[in-house]
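Peer 1: Just my_file.cif, nothing more (mmCIF, C-alpha atoms):
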data_input
loop_
_atom_site.label_atom_id
_atom_site.label_comp_id
_atom_site.auth_asym_id
_atom_site.auth_seq_id
_atom_site.Cartn_x
_atom_site.Cartn_y
_atom_site.Cartn_z
CA MET A 1 -27.26 -71.34 -57.43
CA LYS A 2 -24.79 -74.16 -57.73
CA GLY A 3 -21.10 -73.36 -57.50
CA THR A 4 -18.86 -73.96 -60.49
CA ASN A 5 -15.91 -76.25 -60.02
CA ALA A 6 -12.67 -74.35 -60.61
CA THR A 7 -11.01 -77.60 -61.64
CA ASP A 8 -13.47 -78.21 -64.52
CA SER A 9 -11.16 -78.69 -67.50
CA SER A 10 -13.91 -77.73 -69.97
CA ARG A 11 -13.49 -74.01 -69.32
CA ARG A 12 -11.07 -71.44 -68.01
CA PRO A 13 -11.49 -70.19 -64.42
CA LYS A 14 -12.92 -66.80 -63.47
CA ILE A 15 -10.63 -64.64 -61.33
CA GLY A 16 -11.80 -62.06 -58.78
CA MET A 17 -9.61 -59.43 -57.11
CA ILE A 18 -9.88 -57.49 -53.83
CA SER A 19 -7.02 -54.98 -53.73
CA LEU A 20 -6.12 -53.01 -50.60
CA GLY A 21 -3.46 -50.41 -49.83
CA CYS A 22 -1.50 -47.96 -51.95
CA ALA A 23 -1.08 -47.20 -55.65
CA LYS A 24 1.92 -49.56 -55.86
CA ASN A 25 -0.36 -52.37 -54.75
CA LEU A 26 -2.97 -51.33 -57.30
CA VAL A 27 -0.39 -51.56 -60.09
CA ASP A 28 0.55 -55.03 -58.82
CA ALA A 29 -3.14 -55.99 -58.96
CA GLU A 30 -3.36 -54.74 -62.55
CA ILE A 31 -0.30 -56.81 -63.49
CA MET A 32 -1.74 -59.93 -61.84
CA LEU A 33 -4.99 -59.50 -63.75
CA GLY A 34 -3.06 -58.90 -66.96
CA SER A 35 -1.29 -62.20 -66.37
CA VAL A 36 -4.51 -64.17 -65.96
CA LEU A 37 -5.92 -62.61 -69.14
CA GLN A 38 -2.76 -63.70 -70.97
CA HIS A 39 -3.54 -67.24 -69.89
CA GLY A 40 -7.04 -67.05 -71.36
CA MET A 41 -8.85 -66.68 -68.05
CA GLU A 42 -11.79 -64.40 -67.31
CA ILE A 43 -11.94 -61.52 -64.82
CA THR A 44 -15.06 -60.96 -62.72
CA SER A 45 -15.92 -58.11 -60.36
CA ARG A 46 -18.34 -60.36 -58.46
CA ALA A 47 -16.49 -62.29 -55.78
CA GLU A 48 -19.25 -64.88 -55.52
CA GLU A 49 -18.75 -65.78 -59.20
CA ALA A 50 -14.98 -66.20 -58.97
CA ASP A 51 -13.40 -69.63 -59.13
CA VAL A 52 -10.24 -68.04 -57.72
CA LEU A 53 -10.42 -64.98 -55.46
CA VAL A 54 -7.26 -62.93 -54.83
CA VAL A 55 -6.94 -60.69 -51.77
CA ASN A 56 -4.10 -58.26 -52.48
CA THR A 57 -3.01 -57.15 -49.01
CA CYS A 58 -1.27 -54.21 -47.34
CA ALA A 59 0.95 -54.43 -44.24
CA PHE A 60 2.51 -50.97 -43.96
CA ILE A 61 0.90 -50.10 -40.60
CA ASP A 62 -1.01 -52.10 -37.98
CA SER A 63 -4.44 -50.93 -39.13
CA ALA A 64 -3.59 -52.03 -42.68
CA LYS A 65 -2.62 -55.49 -41.40
CA GLU A 66 -5.90 -55.72 -39.51
CA GLU A 67 -7.88 -54.68 -42.59
CA SER A 68 -6.07 -57.28 -44.67
CA ILE A 69 -6.73 -60.10 -42.19
CA GLU A 70 -10.40 -59.07 -42.00
CA ALA A 71 -10.66 -59.12 -45.79
CA ILE A 72 -9.12 -62.60 -45.97
CA LEU A 73 -11.43 -64.01 -43.29
CA GLU A 74 -14.48 -62.32 -44.82
CA ALA A 75 -13.63 -63.79 -48.22
CA HIS A 76 -13.43 -67.24 -46.64
CA GLN A 77 -16.71 -66.68 -44.79
CA GLN A 78 -18.47 -65.59 -47.97
CA ARG A 79 -17.11 -68.68 -49.70
CA GLY A 80 -19.06 -70.73 -47.18
CA LEU A 81 -22.20 -68.59 -47.29
CA ASN A 82 -22.26 -68.74 -51.09
CA LYS A 83 -21.75 -72.52 -51.00
CA ARG A 84 -18.54 -72.17 -53.00
CA ALA A 85 -16.33 -74.54 -51.03
CA GLU A 86 -14.36 -75.23 -54.22
CA GLN A 87 -13.48 -71.54 -54.68
CA LYS A 88 -9.73 -71.01 -54.27
CA LEU A 89 -8.45 -68.17 -52.07
CA ILE A 90 -5.07 -66.57 -52.87
CA VAL A 91 -3.37 -63.98 -50.67
CA SER A 92 -0.91 -61.62 -52.37
CA GLY A 93 0.64 -58.23 -51.67
CA CYS A 94 2.88 -56.86 -48.94
CA MET A 95 1.44 -58.93 -46.09
CA SER A 96 1.91 -62.13 -48.06
CA GLN A 97 5.43 -61.07 -49.02
CA ARG A 98 6.58 -60.28 -45.48
CA PHE A 99 4.60 -62.79 -43.41
CA ALA A 100 3.93 -65.65 -45.83
CA ARG A 101 5.35 -68.39 -43.62
CA GLU A 102 3.59 -67.16 -40.49
CA LEU A 103 0.30 -66.74 -42.36
CA HIS A 104 0.78 -70.15 -43.93
CA ASN A 105 0.53 -71.63 -40.43
CA GLU A 106 -2.08 -69.23 -39.02
CA LEU A 107 -4.56 -69.10 -41.93
CA PRO A 108 -5.44 -72.61 -43.14
CA GLU A 109 -8.37 -71.01 -44.98
CA VAL A 110 -5.95 -69.76 -47.67
CA ASP A 111 -5.05 -71.96 -50.65
CA ALA A 112 -1.92 -70.08 -51.79
CA PHE A 113 0.35 -67.21 -50.81
CA VAL A 114 1.90 -65.17 -53.63
CA GLY A 115 4.88 -62.84 -53.22
CA LEU A 116 5.72 -59.61 -55.03
CA ASP A 117 8.10 -61.35 -57.43
CA GLN A 118 5.20 -63.47 -58.68
CA VAL A 119 2.71 -60.75 -59.65
CA GLY A 120 3.48 -61.27 -63.35
CA GLU A 121 3.08 -65.04 -62.99
CA LEU A 122 -0.39 -65.26 -61.46
CA GLY A 123 -1.91 -66.89 -64.54
CA ALA A 124 0.64 -69.70 -64.45
CA LEU A 125 0.23 -70.10 -60.68
CA VAL A 126 -3.55 -70.37 -61.01
CA GLU A 127 -3.07 -73.07 -63.65
CA LYS A 128 -0.77 -74.90 -61.23
CA MET A 129 -3.43 -74.66 -58.50
CA VAL A 130 -6.13 -75.97 -60.84
CA MET A 131 -3.99 -78.92 -61.89
CA ARG A 132 -3.17 -79.66 -58.23
CA SER A 133 -6.85 -79.55 -57.24
CA SER A 134 -7.77 -81.86 -60.11
CA ARG A 135 -5.03 -84.30 -59.14
CA LEU A 136 -6.09 -84.35 -55.48
CA ARG A 137 -9.74 -84.77 -56.42
CA ASP A 138 -9.06 -87.62 -58.83
CA ALA A 139 -6.68 -89.39 -56.45
CA SER A 140 -8.67 -88.59 -53.29
CA ASP A 141 -5.27 -87.75 -51.79
CA ALA A 142 -5.60 -85.90 -48.49
CA SER A 143 -1.86 -85.79 -47.88
CA GLU A 144 -1.30 -82.66 -49.99
CA THR A 145 -3.90 -80.25 -48.63
CA HIS A 146 -1.51 -77.59 -47.31
CA ALA A 147 -1.46 -74.16 -48.94
CA LEU A 148 0.94 -73.43 -51.76
CA LEU A 149 3.68 -70.95 -50.86
CA PHE A 150 5.22 -68.93 -53.69
CA ALA A 151 6.70 -65.90 -51.88
CA GLU A 152 10.47 -65.36 -52.14
CA THR A 153 12.56 -63.87 -49.32
CA ARG A 154 13.38 -60.51 -50.95
CA PRO A 155 11.65 -59.38 -54.14
CA THR A 156 13.61 -58.08 -57.13
CA TYR A 157 10.84 -57.75 -59.74
CA ILE A 158 9.93 -54.51 -61.50
CA PRO A 159 7.55 -54.26 -64.49
CA ASP A 160 8.55 -53.15 -67.97
CA TYR A 161 6.68 -51.05 -70.53
CA ASP A 162 5.27 -54.16 -72.23
CA THR A 163 4.14 -55.90 -69.02
CA PRO A 164 0.47 -56.90 -69.53
CA ARG A 165 -1.93 -54.97 -67.27
CA PHE A 166 -5.68 -54.81 -66.78
CA ARG A 167 -6.47 -51.21 -65.89
CA LEU A 168 -8.38 -50.67 -62.63
CA THR A 169 -8.17 -46.85 -62.71
CA PRO A 170 -10.63 -44.48 -64.43
CA ALA A 171 -10.19 -44.14 -68.19
CA HIS A 172 -8.56 -40.71 -67.88
CA SER A 173 -5.69 -41.79 -65.59
CA VAL A 174 -3.12 -44.53 -65.11
CA TYR A 175 -0.28 -45.18 -62.68
CA VAL A 176 3.24 -45.60 -64.09
CA LYS A 177 5.57 -47.41 -61.71
CA ILE A 178 9.11 -46.14 -62.34
CA ALA A 179 10.84 -47.56 -59.27
CA GLU A 180 10.37 -50.11 -56.51
CA GLY A 181 11.82 -50.86 -53.09
CA CYS A 182 14.14 -48.79 -50.89
CA ASN A 183 17.73 -48.97 -49.61
CA HIS A 184 17.22 -46.92 -46.43
CA PRO A 185 16.64 -49.06 -43.29
CA CYS A 186 14.60 -46.47 -41.38
CA SER A 187 13.39 -47.73 -38.01
CA PHE A 188 9.85 -46.45 -38.65
CA CYS A 189 9.40 -47.98 -42.12
CA VAL A 190 9.11 -51.57 -43.37
CA ILE A 191 9.25 -50.90 -47.12
CA PRO A 192 12.74 -52.49 -47.58
CA GLN A 193 11.63 -55.65 -45.75
CA MET A 194 8.48 -55.93 -47.87
CA ARG A 195 9.46 -54.58 -51.28
CA GLY A 196 13.19 -55.24 -51.31
CA LYS A 197 16.13 -53.11 -52.39
CA HIS A 198 15.65 -50.08 -54.59
CA ARG A 199 15.56 -50.72 -58.32
CA SER A 200 14.29 -48.48 -61.10
CA ARG A 201 13.30 -48.68 -64.72
CA LYS A 202 15.48 -47.20 -67.43
CA PRO A 203 14.18 -43.98 -69.06
CA GLU A 204 13.59 -45.71 -72.39
CA SER A 205 11.39 -48.26 -70.63
CA VAL A 206 9.22 -45.55 -69.08
CA LEU A 207 9.02 -43.35 -72.18
CA ALA A 208 8.58 -46.14 -74.75
#
Represent the structure from my file as structure tokens, please.
Peer 2:
Amino acid sequence: MKGTNATDSSRRPKIGMISLGCAKNLVDAEIMLGSVLQHGMEITSRAEEADVLVVNTCAFIDSAKEESIEAILEAHQQRGLNKRAEQKLIVSGCMSQRFARELHNELPEVDAFVGLDQVGELGALVEKMVMRSSRLRDASDASETHALLFAETRPTYIPDYDTPRFRLTPAHSVYVKIAEGCNHPCSFCVIPQMRGKHRSRKPESVLA
């Protein structure tokens, strides 16, 4: 089966998602997928069909980091096995937030790194990637092949009641994120470094 060019302007790209880690990460994945739907894109559960594949990573403990790296490398390997060299690979989540610059140098297989402040902007970022790929293809410009880096130093984002989401939980349940981050610099925990300072939603936002 021939691969489909993600830069084909005649249609909108298909987006696939591999989400690892905790419920907070799952909510972030739902928000990212909600964003791509808002931009008229299609969601697919089949990674081999995706024009853009997102690996939403965890980095809370060492085993989670290892699992995330394995998932990224496996996604890249499958891209080759499926003859989908044009498929774009995005890394998001806590590992991307905390180690984006290091990963940017260590993982040339990745096309873009997205931070936690950008989860609600994935649709726009994918459009930016598609335009960039089209420009490079048309110009045959090899000078701009490095990965895009969107992660900010410390995230401040928190969703609102009207934030678009694509539910990934069973029909009878849903996660409601009421707070994010932490202000306590415990030596055994990296949550403040990854998810930023504590911020919470107002009651009317949660109960609306």
Peer 1: What does the PyMOL selection byres ((chain A and resi 147-161) around 9) select in this file, as a ChimeraX atom specification?
Peer 2: /A:31,92,96-98,100-101,104,108-120,125,129,144-146,162-164,177-181,192-201,204-208
Peer 1: Closest to A:Thr44 among A:Lys202, A:Phe60, A:Arg84, A:Ile15, using all atoms listed in the file?
Peer 2: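 Using all atoms listed in the file, A:Thr44 sits closest to A:Ile15.
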Peer 1: Between atom CA of A:Ala171 and atom CA of A:Ala29, measure the distance and give it in Å to one decimal.
Peer 2: 16.6 Å
Peer 1: Report the distance between atom CA of A:Pro13 and atom CA of A:Arg46 in Å, rounded to one decimal place.
Peer 2: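 One can read the atom CA of A:Pro13 to atom CA of A:Arg46 distance as 13.4 Å.
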Peer 1: One decimal, Å: what's the distance from atom CA of A:Ile90 over to atom CA of A:Val52, could you say?
Peer 2: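 The value is 7.2 Å.
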Peer 1: Here's the selection I'm unsure about, the PyMOL selection byres ((chain A and resi 79) around 12); applied to the file above, which residues does it give, as a ChimeraX atom specification?
Peer 2: /A:3,47-53,72-78,80-89,109-110
Peer 1: Just the residues within 8 Å of A:His39, please, counting all atoms listed in the file, with nothing from its chain fewer than 2 positions along; format it as a PyMOL selection string.
Peer 2: chain A and resi 35-37+41+123-124
Peer 1: Report as a ChimeraX atom specification the full result of the PyMOL selection byres ((chain A and resi 17) around 6) when it is applied to this structure.
Peer 2: /A:16,18,53-54
Peer 1: Would you put the residues from that selection into a file with C-alpha atoms, as a short mmCIF file (atom, residue, chain, number, x, y, z; two decimals), in the frame of the given file?
Peer 2:
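Ended up saving to again_3.cif:
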data_model
loop_
_atom_site.label_atom_id
_atom_site.label_comp_id
_atom_site.auth_asym_id
_atom_site.auth_seq_id
_atom_site.Cartn_x
_atom_site.Cartn_y
_atom_site.Cartn_z
CA GLY A 16 -11.80 -62.06 -58.78
CA ILE A 18 -9.88 -57.49 -53.83
CA LEU A 53 -10.42 -64.98 -55.46
CA VAL A 54 -7.26 -62.93 -54.83
#
Peer 1: Kindly provide, as AutoDock Vina command-line options, the centre and edge lengths (Å, one decimal) of an axis-aligned box around all atoms of stretch 58-61 of chain A given in the file, with 6 Å on each side.
Peer 2:
--center_x 0.6 --center_y -52.3 --center_z -44.0 --size_x 15.8 --size_y 16.3 --size_z 18.7
Peer 1: Looking at all atoms listed in the file, which of A:Arg11, A:Pro185, A:Ser63, A:Val91 is the one that sits closest to A:Leu107?
Peer 2: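 The shortest atom-to-atom distance to A:Leu107 comes from A:Val91.
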Peer 1: Identify, on the basis of all atoms listed in the file, every residue whose closest approach to A:Ile61 does not exceed 10 Å; exclude the query and any residue fewer than 5 positions from it along the same chain; express the result as a PyMOL selection string.
Peer 2: chain A and resi 66+188-190
